[in-house]
Structures are given as structure tokens and as C-alpha cells.
>>> print(open('start_36.cif').read())   # mmCIF, C-alpha atoms and all ligand atoms
data_coords
#
loop_
_atom_site.label_atom_id
_atom_site.label_comp_id
_atom_site.auth_asym_id
_atom_site.auth_seq_id
_atom_site.Cartn_x
_atom_site.Cartn_y
_atom_site.Cartn_z
CA MET A 1 0.60 -14.76 130.39
CA THR A 2 0.20 -11.02 129.95
CA PRO A 3 -3.46 -10.25 129.29
CA GLN A 4 -4.25 -8.54 126.03
CA LEU A 5 -4.75 -4.84 126.54
CA ASP A 6 -7.91 -4.68 124.50
CA GLU A 7 -10.93 -2.40 124.51
CA TYR A 8 -12.90 -4.68 126.84
CA LEU A 9 -10.18 -4.54 129.45
CA GLU A 10 -9.95 -0.78 129.08
CA ALA A 11 -13.71 -0.42 129.57
CA GLU A 12 -13.61 -2.74 132.58
CA ILE A 13 -10.85 -0.71 134.24
CA GLN A 14 -12.60 2.58 133.44
CA ARG A 15 -15.74 1.33 135.18
CA LEU A 16 -13.78 -0.14 138.08
CA LEU A 17 -12.20 3.24 138.81
CA THR A 18 -15.57 4.99 138.77
CA GLU A 19 -17.77 2.41 140.47
CA SER A 20 -15.33 1.15 143.08
CA GLY A 21 -16.03 2.99 146.32
CA ALA A 22 -12.31 3.08 146.98
CA THR A 23 -11.60 5.34 144.01
CA ALA A 24 -14.82 6.93 142.59
CA GLU A 25 -12.80 8.64 139.86
CA GLN A 26 -14.41 9.45 136.51
CA GLY A 27 -11.58 11.56 135.16
CA ILE A 28 -8.76 9.05 134.74
CA THR A 29 -7.58 8.55 131.17
CA LEU A 30 -6.28 5.17 129.99
CA GLN A 31 -3.87 4.83 127.11
CA ARG A 32 -3.14 1.35 125.82
CA ARG A 33 0.49 0.94 124.75
CA GLU A 34 1.87 -2.38 123.58
CA HIS A 35 2.44 -4.02 126.96
CA ARG A 36 1.59 -1.20 129.27
CA LEU A 37 -1.35 0.84 130.39
CA VAL A 38 -0.56 4.54 130.87
CA LEU A 39 -2.79 6.33 133.40
CA GLY A 40 -3.43 10.07 133.13
CA GLY A 41 -5.55 12.79 134.69
CA GLU A 42 -5.48 14.61 138.00
CA VAL A 43 -6.87 13.74 141.43
CA GLU A 44 -7.16 15.58 144.76
CA SER A 45 -4.57 13.68 146.80
CA ALA A 46 -1.56 11.37 146.57
CA GLN A 47 -3.54 8.71 148.47
CA ARG A 48 -6.16 8.70 145.70
CA ARG A 49 -3.52 8.34 143.01
CA ASP A 50 -1.90 5.42 144.85
CA GLU A 51 -5.28 3.77 145.45
CA ILE A 52 -6.05 3.86 141.72
CA CYS A 53 -2.87 1.92 140.95
CA ARG A 54 -3.53 -0.44 143.86
CA GLN A 55 -7.07 -1.21 142.62
CA ILE A 56 -5.94 -1.93 139.08
CA THR A 57 -3.10 -4.15 140.27
CA ALA A 58 -5.41 -6.01 142.67
CA HIS A 59 -8.00 -6.74 139.96
CA PHE A 60 -5.64 -7.19 137.02
CA PRO A 61 -2.31 -8.38 138.49
CA ASP A 62 -0.79 -9.06 135.07
CA VAL A 63 -1.39 -5.59 133.66
CA GLU A 64 1.72 -3.45 133.73
CA ILE A 65 0.82 0.15 134.51
CA ALA A 66 2.64 3.47 134.22
CA CYS A 67 1.09 6.15 136.41
CA ASP A 68 1.19 9.72 135.10
CA ILE A 69 -1.66 10.88 137.34
CA GLY A 70 -1.03 14.26 138.93
CA ILE A 71 -2.31 15.96 142.08
CA VAL A 72 -4.29 19.14 141.36
CA ARG A 73 -2.51 22.19 142.70
CA ALA A 74 -4.49 24.22 145.27
CA ALA A 75 -2.63 27.52 145.52
CA ALA A 76 -4.37 30.90 145.81
CA PRO A 77 -4.87 32.72 142.51
CA SER A 78 -2.72 35.70 141.59
CA GLU A 79 -5.11 37.24 139.07
CA VAL A 80 -8.69 38.45 138.76
CA GLU A 81 -10.69 38.11 135.54
CA GLU A 82 -12.94 40.98 134.62
CA ILE A 83 -16.23 39.74 133.18
CA SER A 84 -17.86 41.89 130.50
CA MET B 1 -17.63 46.28 141.71
CA ILE B 2 -18.19 42.75 143.00
CA ARG B 3 -15.58 40.01 143.12
CA ILE B 4 -16.64 36.40 143.33
CA ALA B 5 -14.38 33.42 143.89
CA ALA B 6 -15.42 30.14 142.31
CA VAL B 7 -14.32 26.52 142.13
CA GLY B 8 -16.01 23.17 141.51
CA ASP B 9 -15.24 19.47 141.85
CA VAL B 10 -13.27 19.77 145.07
CA HIS B 11 -14.34 16.19 145.95
CA VAL B 12 -13.50 16.60 149.64
CA ASP B 13 -12.84 13.63 151.92
CA LYS B 14 -10.50 13.17 154.90
CA ASP B 15 -7.44 13.05 152.66
CA VAL B 16 -8.10 16.57 151.35
CA LEU B 17 -8.47 18.28 154.74
CA GLY B 18 -6.14 21.27 155.00
CA ARG B 19 -5.19 21.40 151.32
CA TYR B 20 -7.39 24.38 150.47
CA ARG B 21 -7.09 26.21 153.79
CA PRO B 22 -3.97 28.32 153.06
CA ALA B 23 -5.61 29.70 149.89
CA LEU B 24 -8.98 30.11 151.60
CA GLU B 25 -7.41 32.19 154.35
CA GLN B 26 -6.65 34.85 151.71
CA LEU B 27 -10.23 34.79 150.42
CA PRO B 28 -11.70 37.78 152.34
CA GLY B 29 -8.98 39.98 150.87
CA VAL B 30 -9.65 39.04 147.25
CA ALA B 31 -13.36 38.18 146.94
CA ASP B 32 -16.78 39.03 148.40
CA ALA B 33 -18.28 35.55 148.09
CA LEU B 34 -17.31 31.98 147.23
CA LEU B 35 -19.41 29.93 144.81
CA ILE B 36 -18.83 26.17 144.53
CA ALA B 37 -20.09 24.36 141.44
CA GLY B 38 -20.88 20.87 142.77
CA ASP B 39 -19.05 17.58 143.35
CA LEU B 40 -18.27 18.81 146.81
CA THR B 41 -17.61 15.24 148.01
CA ARG B 42 -16.43 11.90 146.57
CA HIS B 43 -19.41 9.65 147.40
CA GLY B 44 -21.97 12.03 148.87
CA THR B 45 -21.79 10.66 152.41
CA VAL B 46 -22.52 12.62 155.58
CA GLU B 47 -18.94 12.01 156.75
CA GLU B 48 -17.56 13.55 153.57
CA ALA B 49 -20.01 16.45 153.84
CA LYS B 50 -18.62 17.14 157.31
CA CYS B 51 -15.11 17.21 155.83
CA MET B 52 -16.39 19.62 153.17
CA ALA B 53 -17.95 21.82 155.85
CA THR B 54 -14.68 21.83 157.79
CA GLU B 55 -12.53 22.65 154.78
CA PHE B 56 -14.79 25.28 153.20
CA GLY B 57 -16.66 26.58 156.27
CA ASP B 58 -15.75 29.80 158.13
CA VAL B 59 -13.89 31.35 155.22
CA GLY B 60 -14.93 34.91 156.09
CA VAL B 61 -17.24 35.42 153.08
CA PRO B 62 -20.64 33.93 152.17
CA VAL B 63 -20.37 30.45 150.59
CA VAL B 64 -23.01 29.42 148.02
CA VAL B 65 -22.98 25.90 146.56
CA VAL B 66 -24.88 23.46 144.35
CA LEU B 67 -24.49 19.69 144.58
CA GLY B 68 -22.95 17.54 141.85
CA ASN B 69 -23.51 13.97 140.68
CA HIS B 70 -20.93 12.65 143.17
CA ASP B 71 -22.93 14.23 145.99
CA HIS B 72 -25.86 12.00 144.95
CA GLN B 73 -23.88 8.74 144.87
CA SER B 74 -25.02 7.51 148.31
CA ASP B 75 -28.65 8.73 148.00
CA GLN B 76 -27.98 10.99 150.99
CA GLN B 77 -28.08 14.31 149.15
CA ASP B 78 -30.59 15.83 151.58
CA ALA B 79 -28.46 14.92 154.59
CA VAL B 80 -25.38 16.25 152.78
CA SER B 81 -27.19 19.56 152.16
CA ASP B 82 -28.23 19.73 155.83
CA VAL B 83 -24.61 19.34 157.00
CA LEU B 84 -23.51 22.13 154.66
CA ARG B 85 -26.37 24.43 155.72
CA ASP B 86 -25.54 23.79 159.38
CA ALA B 87 -22.02 24.97 158.56
CA GLY B 88 -23.46 28.24 157.27
CA MET B 89 -23.36 27.55 153.54
CA THR B 90 -26.24 28.29 151.17
CA VAL B 91 -27.17 25.19 149.16
CA LEU B 92 -29.16 25.98 146.01
CA GLU B 93 -31.32 23.43 144.16
CA GLY B 94 -33.62 25.29 141.85
CA ASP B 95 -33.81 28.33 144.09
CA THR B 96 -31.99 31.61 144.58
CA THR B 97 -30.10 33.73 147.06
CA VAL B 98 -29.31 37.45 147.05
CA LEU B 99 -26.15 38.85 148.63
CA GLU B 100 -25.77 42.55 149.44
CA LEU B 101 -22.17 43.45 148.65
CA HIS B 102 -20.85 47.03 148.81
CA GLY B 103 -24.35 48.32 148.15
CA HIS B 104 -24.86 46.05 145.14
CA ARG B 105 -27.24 43.13 144.95
CA LEU B 106 -25.70 39.92 143.65
CA GLY B 107 -28.34 37.34 142.75
CA ILE B 108 -27.41 33.69 142.35
CA ALA B 109 -29.68 30.98 140.95
CA GLY B 110 -28.36 27.45 141.27
CA VAL B 111 -29.21 23.90 140.18
CA LYS B 112 -27.18 20.74 139.77
CA GLY B 113 -28.32 20.37 136.17
CA PHE B 114 -28.15 17.15 134.16
CA GLY B 115 -27.12 15.77 130.76
CA GLY B 116 -28.70 15.44 127.35
CA GLY B 117 -26.22 17.04 124.99
CA PHE B 118 -26.17 19.97 122.65
CA ALA B 119 -27.60 21.12 119.32
CA GLY B 120 -26.76 18.67 116.57
CA ALA B 121 -26.29 15.77 118.99
CA CYS B 122 -28.85 16.00 121.76
CA ALA B 123 -31.10 13.41 123.29
CA SER B 124 -34.86 13.60 122.71
CA LYS B 125 -37.84 12.63 124.83
CA PHE B 126 -38.77 9.68 122.67
CA GLY B 127 -38.96 5.89 122.85
CA GLU B 128 -38.28 4.01 126.05
CA ARG B 129 -39.49 5.29 129.38
CA GLU B 130 -35.86 5.47 130.59
CA MET B 131 -34.96 7.80 127.72
CA LYS B 132 -37.96 10.02 128.34
CA ASN B 133 -37.08 10.15 132.02
CA PHE B 134 -33.50 11.14 131.22
CA VAL B 135 -34.45 14.06 129.00
CA GLY B 136 -37.48 14.92 131.16
CA THR B 137 -35.22 15.26 134.20
CA THR B 138 -33.03 17.80 132.43
CA GLU B 139 -36.07 19.68 131.12
CA ALA B 140 -37.55 20.02 134.59
CA ILE B 141 -34.25 21.18 136.09
CA ALA B 142 -33.67 23.69 133.28
CA GLU B 143 -37.19 25.08 133.70
CA ARG B 144 -36.55 25.63 137.40
CA LEU B 145 -33.24 27.36 136.64
CA GLY B 146 -34.85 29.65 134.06
CA ALA B 147 -37.73 30.57 136.38
CA ALA B 148 -35.31 31.18 139.27
CA LEU B 149 -33.11 33.47 137.15
CA ARG B 150 -36.07 35.40 135.72
CA GLY B 151 -37.49 35.87 139.21
CA LEU B 152 -34.49 37.85 140.42
CA ASP B 153 -34.27 41.63 140.20
CA VAL B 154 -30.64 42.39 141.07
CA ASP B 155 -27.58 44.35 139.94
CA ALA B 156 -25.63 41.26 138.89
CA LEU B 157 -27.13 37.86 138.07
CA VAL B 158 -25.07 34.65 138.26
CA ALA B 159 -26.12 31.11 137.28
CA LEU B 160 -24.42 28.31 139.21
CA THR B 161 -24.65 24.71 137.94
CA HIS B 162 -22.66 21.50 138.07
CA TYR B 163 -23.42 20.32 134.52
CA SER B 164 -22.39 22.50 131.59
CA PRO B 165 -24.78 24.78 129.68
CA VAL B 166 -22.53 24.95 126.59
CA PRO B 167 -20.22 22.59 124.66
CA GLU B 168 -17.31 25.09 124.40
CA THR B 169 -16.22 24.53 127.99
CA LEU B 170 -16.19 20.76 127.41
CA VAL B 171 -13.43 20.92 124.80
CA GLY B 172 -10.78 18.46 125.95
CA GLU B 173 -13.33 15.82 126.93
CA PRO B 174 -14.13 12.95 124.53
CA LEU B 175 -16.92 14.12 122.19
CA GLU B 176 -18.75 10.85 122.86
CA ILE B 177 -19.51 11.81 126.46
CA TYR B 178 -20.74 15.37 125.88
CA PRO B 179 -24.37 14.26 126.43
CA PHE B 180 -23.38 13.15 129.94
CA LEU B 181 -21.64 16.42 130.70
CA GLY B 182 -24.32 18.99 130.04
CA SER B 183 -27.33 20.19 128.11
CA TYR B 184 -28.26 23.06 125.83
CA LEU B 185 -31.45 23.36 127.90
CA LEU B 186 -29.39 24.85 130.72
CA GLY B 187 -27.93 27.39 128.29
CA GLN B 188 -31.41 28.28 127.07
CA ALA B 189 -32.52 28.84 130.67
CA ILE B 190 -29.49 31.06 131.32
CA ASP B 191 -30.24 33.05 128.16
CA SER B 192 -33.87 33.59 129.23
CA ALA B 193 -32.72 36.12 131.86
CA PRO B 194 -30.17 38.97 131.93
CA THR B 195 -27.49 36.65 133.34
CA ALA B 196 -24.04 38.23 133.74
CA LEU B 197 -22.05 35.03 134.30
CA ALA B 198 -22.63 31.27 134.27
CA LEU B 199 -20.38 29.01 136.35
CA HIS B 200 -20.21 25.22 136.15
CA GLY B 201 -17.93 22.27 136.88
CA HIS B 202 -18.17 18.49 136.19
CA ALA B 203 -15.95 18.43 133.07
CA HIS B 204 -12.56 17.75 134.67
CA HIS B 205 -10.83 17.64 131.27
CA GLY B 206 -12.78 20.52 129.76
CA SER B 207 -11.83 24.12 128.97
CA GLU B 208 -12.22 27.25 131.03
CA ARG B 209 -14.09 29.68 128.83
CA GLY B 210 -17.18 29.69 126.66
CA ARG B 211 -20.27 31.74 125.89
CA THR B 212 -23.93 30.84 125.52
CA PRO B 213 -25.67 31.42 122.17
CA GLY B 214 -27.24 34.48 123.86
CA GLY B 215 -23.81 35.88 124.75
CA VAL B 216 -23.53 35.07 128.46
CA PRO B 217 -19.93 34.33 129.54
CA VAL B 218 -19.54 30.75 130.81
CA ARG B 219 -16.68 29.55 133.00
CA ASN B 220 -15.85 25.92 133.79
CA VAL B 221 -14.35 26.18 137.27
CA ALA B 222 -13.75 22.45 137.84
CA HIS B 223 -10.67 22.27 140.04
CA PRO B 224 -8.61 20.19 137.56
CA VAL B 225 -9.42 22.81 134.89
CA ILE B 226 -8.49 25.94 136.83
CA LYS B 227 -5.58 24.21 138.61
CA GLN B 228 -5.70 26.48 141.66
CA ALA B 229 -7.83 26.71 144.80
CA TYR B 230 -10.36 29.08 143.15
CA ASN B 231 -10.68 31.65 140.39
CA VAL B 232 -11.78 35.23 141.01
CA TYR B 233 -14.20 37.01 138.68
CA GLN B 234 -14.99 40.71 138.77
CA LEU B 235 -18.49 41.93 137.96
CA LEU B 236 -19.97 45.46 137.79
CA THR B 237 -16.51 46.89 137.18
CA ASP B 238 -17.66 50.41 136.30
CA THR B 239 -20.10 50.90 139.14
CA VAL B 240 -19.50 53.16 142.12
CA ASP B 241 -19.60 51.27 145.39
CA ALA B 242 -21.78 52.58 148.19
CA GLY B 243 -19.69 53.62 151.17
CA LEU B 244 -16.58 54.05 149.10
CA THR B 245 -17.26 57.49 147.62
CA SER B 246 -14.28 59.79 148.06
CA VAL B 247 -14.62 63.17 149.76
FE FE C 301 -16.25 16.11 139.52
FE FE C 302 -19.45 15.68 138.32
#
>>> encode(input="start_36.cif", output="C-alpha cells")
Amino acid sequence: MTPQLDEYLEAEIQRLLTESGATAEQGITLQRREHRLVLGGEVESAQRRDEICRQITAHFPDVEIACDIGIVRAAAPSEVEEIS
Amino acid sequence: MIRIAAVGDVHVDKDVLGRYRPALEQLPGVADALLIAGDLTRHGTVEEAKCMATEFGDVGVPVVVVLGNHDHQSDQQDAVSDVLRDAGMTVLEGDTTVLELHGHRLGIAGVKGFGGGFAGACASKFGEREMKNFVGTTEAIAERLGAALRGLDVDALVALTHYSPVPETLVGEPLEIYPFLGSYLLGQAIDSAPTALALHGHAHHGSERGRTPGGVPVRNVAHPVIKQAYNVYQLLTDTVDAGLTSV
């Protein structure tokens, strides 16, 4: 049976992503849709994004997730801001 | 004129090695110093600190950092700082450094900071011991920041923290967690000295620009906010640089 995507589950996943040594991410947003959990936010590498999905699936195998997590770009800036 | 590059929340570990290097190679051409606003690592381990030192060491300009909450996760913050200092970085925790750049003195005071919230919704030192400790921790840190800033006599004064001194740069984060993202006490410390610029990180979903009640420009340079390897800020724009006078 698909688990209910309620607030308790959301809070549990939020804490898992922060407290699990494998992820240590505080900046992942969770959006509960009817049967699906949509993940948002940005992390530093593709490995970290994949590990987040892996952790959730390992702990909550019945939760269907959609991963919209991005990798933060790290290009050099093209502009300077004058502070006054 | 002084140009400083800044970023925060780089959260370096093995999987990040090499990602910042192409942008960092251009650093000496665009900035005189690099300031990093905490959360240098993921879990604050010595191994991660070594990765941080590899990625952000030897960039051709002075590197000044503060630690973030992630750098405290493994209770090895002192060892983490040692690794970074061995790599030539300046790690600030309630103290200051002065850089001589083109004949100008850039003073930087840095602390990690802590939470507590902002006017209208801030925590008070009242009730349980745990609550008093929470607010007391921020008070002590803010006092050190204020004293450090006021103790500097320089041409340009910069405050570097991990936690935010103002709520404006948190916009985008859930309101409910503002008290965990910063404190007005840091803003008050920054306003107690002639600070030219305040830099912070920590709020990955926050906004880039704000200003303290005293008028000091604040920039949230968390990597997910600026979405590039670092930002560059120009200070003392109208000053004449020593050694660059035309004949
Ligand atoms: Fe962070
Ligand atoms: Fe942080």
C-alpha cells in the first residue's frame, strides 16, 4: 500500500536528509503532491543529488519521488558590484 | 579601489574537487582577496577540510574564511581550522585580519555567528537553561564581532559571518526558520562600527541583497544564492591607488 504522504512523513524525510551522514543536506525542499513527493533545491554535485533519492527510496520504498534537484553552477562571474 | 571575491556554503568533499578550480584560476585577475562565509565542508571532518584546502588553496590571492554550522558537525572544528591554516588560509573566529592592498588597508572581522531571530520575532534569554544558552551564545558571539570591528582602524571594514545579520537576505526561506538562520544581534554589532560591507551565507534559499538598520550593505553569498563560483565586490571606488599614479 502506498504510504500516506502526510506531514509526519515529510518531517521524517526532512530530518533524514539533514541528519544522515550520507546526505547532510538542509536545503532540500519537499512538496507533497497526491501520490508523489517532489524534491527541490540545489546541491554541489550529481552524486549528492543521486544519494538523496537513494536514501529516501531505501527508507521509504513505497514513496514515489520526482527529483527536481539541481547542481549549483560554479562558473566565474562576469560582473563586479560596486558597493556604496 | 579594492576588489574582494566572496562565496559561502561551498560544502566541499571529494565529489566537489575540481569544480571551482577553473573559476578560481581567474581570481587574481579580478579580485585582491577571497572571503568565504562558512559551511566550507559537509560534515566538518579533517578529510573534508583537506579537500577544501586543496580546492581553495593556492588561488593567488589571500583567502580569509569563517566556519559554518556544517564545519562543527563532527566536533572537529579546531582540527578543521588547523588544516585550513596550514594551507595558508586565515580562519577568523571573533578576531580580525588586515590586508594591505594597493596601498589601502582592508580590515576583516569574522565570526560564525548563530541564530535567535530578528525584531518582532526574536528569542529571549528567559526560561529554561537551554533557551538561555541559545540566546547567550549568540550574544557572546555578537559582542566579539562588535569589539573586533570597533578595534580596527582601516580604509575599508568588512564583516564576515556565516549566519545572517538581517532578515532581508533570508527572503525565500520559510519564515518559520528565520530564528535558525541569523540574529539581529549580529546586525547591531556590524552597525556599531563604520562597516563598509557585511557578507554572510547559510541561507541557501535566501536573497542576495539587504541592508542593516544602520545602513550597511549586506550580501548573502551562499553558493546556491549567487549561482556562480564567487561574486566580486568593489570597495573604495573613488580612491587613488598607491603605485598606480600616472605620470
Ligand atoms: Fe550551507
Ligand atoms: Fe549553514
>>> residues_around(input="start_36.cif", residues="Pro62 (chain B)", least_positions_apart="3", cutoff="9 Å", atoms="all atoms listed in the file", output="list of chain:residue names")
B:Asp32, B:Ala33, B:Leu34, B:Leu35, B:Asp58, B:Val59, B:Gly88, B:Met89, B:Thr90, B:Leu99
>>> closest_residue(input="start_36.cif", among="A:Ala24, A:Glu44, A:Arg15, A:Leu9", to="ligand FE 302 (chain C)", atoms="only C-alpha atoms and all ligand atoms")
A:Ala24
>>> interface_residues(input="start_36.cif", of="chain A", to="chain B", cutoff="8 Å", atoms="only C-alpha atoms", output="PyMOL selection string")
chain A and resi 21+24+27+41-45+47+72-77+79-84
>>> atom_distance(input="start_36.cif", atom1="CA of Leu199 (chain B)", atom2="CA of Val64 (chain B)")
12.0 Å
>>> closest_residue(input="start_36.cif", among="B:Thr41, B:Val171, B:His162, B:Glu130", to="ligand FE 302 (chain C)", atoms="all atoms listed in the file")
B:His162
>>> residues_around(input="start_36.cif", residues="Leu101 (chain B)", least_positions_apart="3", cutoff="8 Å", atoms="all atoms listed in the file", output="ChimeraX atom specification")
/B:2,32,104-106
>>> closest_residue(input="start_36.cif", among="A:Ser78, A:Leu17, A:His59, A:Gln26", to="ligand FE 301 (chain C)", atoms="all atoms listed in the file")
A:Gln26
>>> atom_distance(input="start_36.cif", atom1="CA of Thr57 (chain A)", atom2="CA of Ala11 (chain A)")
15.5 Å
>>> residues_around(input="start_36.cif", residues="Gly94 (chain B)", least_positions_apart="2", cutoff="7 Å", atoms="all atoms listed in the file", output="ChimeraX atom specification")
/B:92,109-111,144-145,148
>>> residues_around(input="start_36.cif", residues="Ala198 (chain B)", least_positions_apart="6", cutoff="10 Å", atoms="all atoms listed in the file", output="PyMOL selection string")
chain B and resi 108-110+157-161+164-166+186-187+190-191+210-212+216-220
>>> write_last_selection(input="start_36.cif", atoms="C-alpha atoms", output="compact mmCIF listing (two decimals), in the coordinates of the input")
# COMPACT_ATOMS: atom_id res chain seq x y z
CA ILE B 108 -27.41 33.69 142.35
CA ALA B 109 -29.68 30.98 140.95
CA GLY B 110 -28.36 27.45 141.27
CA LEU B 157 -27.13 37.86 138.07
CA VAL B 158 -25.07 34.65 138.26
CA ALA B 159 -26.12 31.11 137.28
CA LEU B 160 -24.42 28.31 139.21
CA THR B 161 -24.65 24.71 137.94
CA SER B 164 -22.39 22.50 131.59
CA PRO B 165 -24.78 24.78 129.68
CA VAL B 166 -22.53 24.95 126.59
CA LEU B 186 -29.39 24.85 130.72
CA GLY B 187 -27.93 27.39 128.29
CA ILE B 190 -29.49 31.06 131.32
CA ASP B 191 -30.24 33.05 128.16
CA GLY B 210 -17.18 29.69 126.66
CA ARG B 211 -20.27 31.74 125.89
CA THR B 212 -23.93 30.84 125.52
CA VAL B 216 -23.53 35.07 128.46
CA PRO B 217 -19.93 34.33 129.54
CA VAL B 218 -19.54 30.75 130.81
CA ARG B 219 -16.68 29.55 133.00
CA ASN B 220 -15.85 25.92 133.79
>>> atom_distance(input="start_36.cif", atom1="CA of Thr18 (chain A)", atom2="CA of Ala58 (chain A)")
15.5 Å
>>> residues_around(input="start_36.cif", residues="Leu149 (chain B)", least_positions_apart="2", cutoff="6 Å", atoms="all atoms listed in the file", output="list in words")
Ala109, Gly146, Ala147, Gly151, Leu152 and Ala193 of chain B
>>> closest_residue(input="start_36.cif", among="A:Glu64, A:Glu34, A:Asp6, A:Glu51", to="Ser20 (chain A)", atoms="only C-alpha atoms")
A:Glu51
>>> closest_residue(input="start_36.cif", among="B:Phe180, B:Gly214, B:Lys132, B:Ala37", to="ligand FE 301 (chain C)", atoms="only C-alpha atoms and all ligand atoms")
B:Ala37
>>> closest_residue(input="start_36.cif", among="A:Val38, A:Leu5, A:Ile52, A:Ile28", to="ligand FE 301 (chain C)", atoms="all atoms listed in the file")
A:Ile28
>>> build_atoms(input="start_36.cif", residues="region 30-45 of chain A", atoms="N, CA, C and O atoms", output="PDB file, in the frame of the given file")
ATOM      1  N   LEU A  30      -7.043   6.411 130.182  1.00  0.00           N
ATOM      2  CA  LEU A  30      -6.280   5.170 129.990  1.00  0.00           C
ATOM      3  C   LEU A  30      -5.768   5.151 128.559  1.00  0.00           C
ATOM      4  O   LEU A  30      -6.524   5.355 127.620  1.00  0.00           O
ATOM      5  N   GLN A  31      -4.476   4.904 128.446  1.00  0.00           N
ATOM      6  CA  GLN A  31      -3.870   4.830 127.110  1.00  0.00           C
ATOM      7  C   GLN A  31      -3.250   3.454 126.984  1.00  0.00           C
ATOM      8  O   GLN A  31      -2.386   3.090 127.791  1.00  0.00           O
ATOM      9  N   ARG A  32      -3.686   2.692 125.996  1.00  0.00           N
ATOM     10  CA  ARG A  32      -3.140   1.350 125.820  1.00  0.00           C
ATOM     11  C   ARG A  32      -1.889   1.414 124.949  1.00  0.00           C
ATOM     12  O   ARG A  32      -1.957   1.792 123.795  1.00  0.00           O
ATOM     13  N   ARG A  33      -0.736   1.099 125.532  1.00  0.00           N
ATOM     14  CA  ARG A  33       0.490   0.940 124.750  1.00  0.00           C
ATOM     15  C   ARG A  33       0.671  -0.552 124.556  1.00  0.00           C
ATOM     16  O   ARG A  33      -0.095  -1.354 125.097  1.00  0.00           O
ATOM     17  N   GLU A  34       1.728  -0.965 123.895  1.00  0.00           N
ATOM     18  CA  GLU A  34       1.870  -2.380 123.580  1.00  0.00           C
ATOM     19  C   GLU A  34       1.697  -3.315 124.797  1.00  0.00           C
ATOM     20  O   GLU A  34       0.847  -4.181 124.806  1.00  0.00           O
ATOM     21  N   HIS A  35       2.531  -3.118 125.803  1.00  0.00           N
ATOM     22  CA  HIS A  35       2.440  -4.020 126.960  1.00  0.00           C
ATOM     23  C   HIS A  35       2.108  -3.269 128.230  1.00  0.00           C
ATOM     24  O   HIS A  35       2.242  -3.788 129.316  1.00  0.00           O
ATOM     25  N   ARG A  36       1.710  -2.033 128.082  1.00  0.00           N
ATOM     26  CA  ARG A  36       1.590  -1.200 129.270  1.00  0.00           C
ATOM     27  C   ARG A  36       0.379  -0.297 129.161  1.00  0.00           C
ATOM     28  O   ARG A  36       0.001   0.155 128.086  1.00  0.00           O
ATOM     29  N   LEU A  37      -0.210  -0.057 130.323  1.00  0.00           N
ATOM     30  CA  LEU A  37      -1.350   0.840 130.390  1.00  0.00           C
ATOM     31  C   LEU A  37      -0.871   2.135 131.050  1.00  0.00           C
ATOM     32  O   LEU A  37      -0.366   2.127 132.172  1.00  0.00           O
ATOM     33  N   VAL A  38      -1.010   3.258 130.326  1.00  0.00           N
ATOM     34  CA  VAL A  38      -0.560   4.540 130.870  1.00  0.00           C
ATOM     35  C   VAL A  38      -1.761   5.295 131.443  1.00  0.00           C
ATOM     36  O   VAL A  38      -2.741   5.539 130.731  1.00  0.00           O
ATOM     37  N   LEU A  39      -1.691   5.642 132.717  1.00  0.00           N
ATOM     38  CA  LEU A  39      -2.790   6.330 133.400  1.00  0.00           C
ATOM     39  C   LEU A  39      -2.537   7.827 133.429  1.00  0.00           C
ATOM     40  O   LEU A  39      -1.429   8.262 133.740  1.00  0.00           O
ATOM     41  N   GLY A  40      -3.568   8.613 133.103  1.00  0.00           N
ATOM     42  CA  GLY A  40      -3.430  10.070 133.130  1.00  0.00           C
ATOM     43  C   GLY A  40      -4.587  10.720 133.867  1.00  0.00           C
ATOM     44  O   GLY A  40      -5.513  10.051 134.301  1.00  0.00           O
ATOM     45  N   GLY A  41      -4.517  12.047 133.988  1.00  0.00           N
ATOM     46  CA  GLY A  41      -5.550  12.790 134.690  1.00  0.00           C
ATOM     47  C   GLY A  41      -5.027  13.350 135.996  1.00  0.00           C
ATOM     48  O   GLY A  41      -3.846  13.200 136.313  1.00  0.00           O
ATOM     49  N   GLU A  42      -5.902  14.014 136.732  1.00  0.00           N
ATOM     50  CA  GLU A  42      -5.480  14.610 138.000  1.00  0.00           C
ATOM     51  C   GLU A  42      -6.505  14.288 139.083  1.00  0.00           C
ATOM     52  O   GLU A  42      -7.702  14.250 138.829  1.00  0.00           O
ATOM     53  N   VAL A  43      -6.006  14.033 140.288  1.00  0.00           N
ATOM     54  CA  VAL A  43      -6.870  13.740 141.430  1.00  0.00           C
ATOM     55  C   VAL A  43      -6.523  14.693 142.580  1.00  0.00           C
ATOM     56  O   VAL A  43      -5.576  15.469 142.485  1.00  0.00           O
ATOM     57  N   GLU A  44      -7.299  14.606 143.665  1.00  0.00           N
ATOM     58  CA  GLU A  44      -7.160  15.580 144.760  1.00  0.00           C
ATOM     59  C   GLU A  44      -6.078  15.240 145.772  1.00  0.00           C
ATOM     60  O   GLU A  44      -5.716  16.085 146.584  1.00  0.00           O
ATOM     61  N   SER A  45      -5.591  14.000 145.796  1.00  0.00           N
ATOM     62  CA  SER A  45      -4.570  13.680 146.800  1.00  0.00           C
ATOM     63  C   SER A  45      -3.676  12.534 146.324  1.00  0.00           C
ATOM     64  O   SER A  45      -4.064  11.745 145.449  1.00  0.00           O
TER      65      SER A  45
END
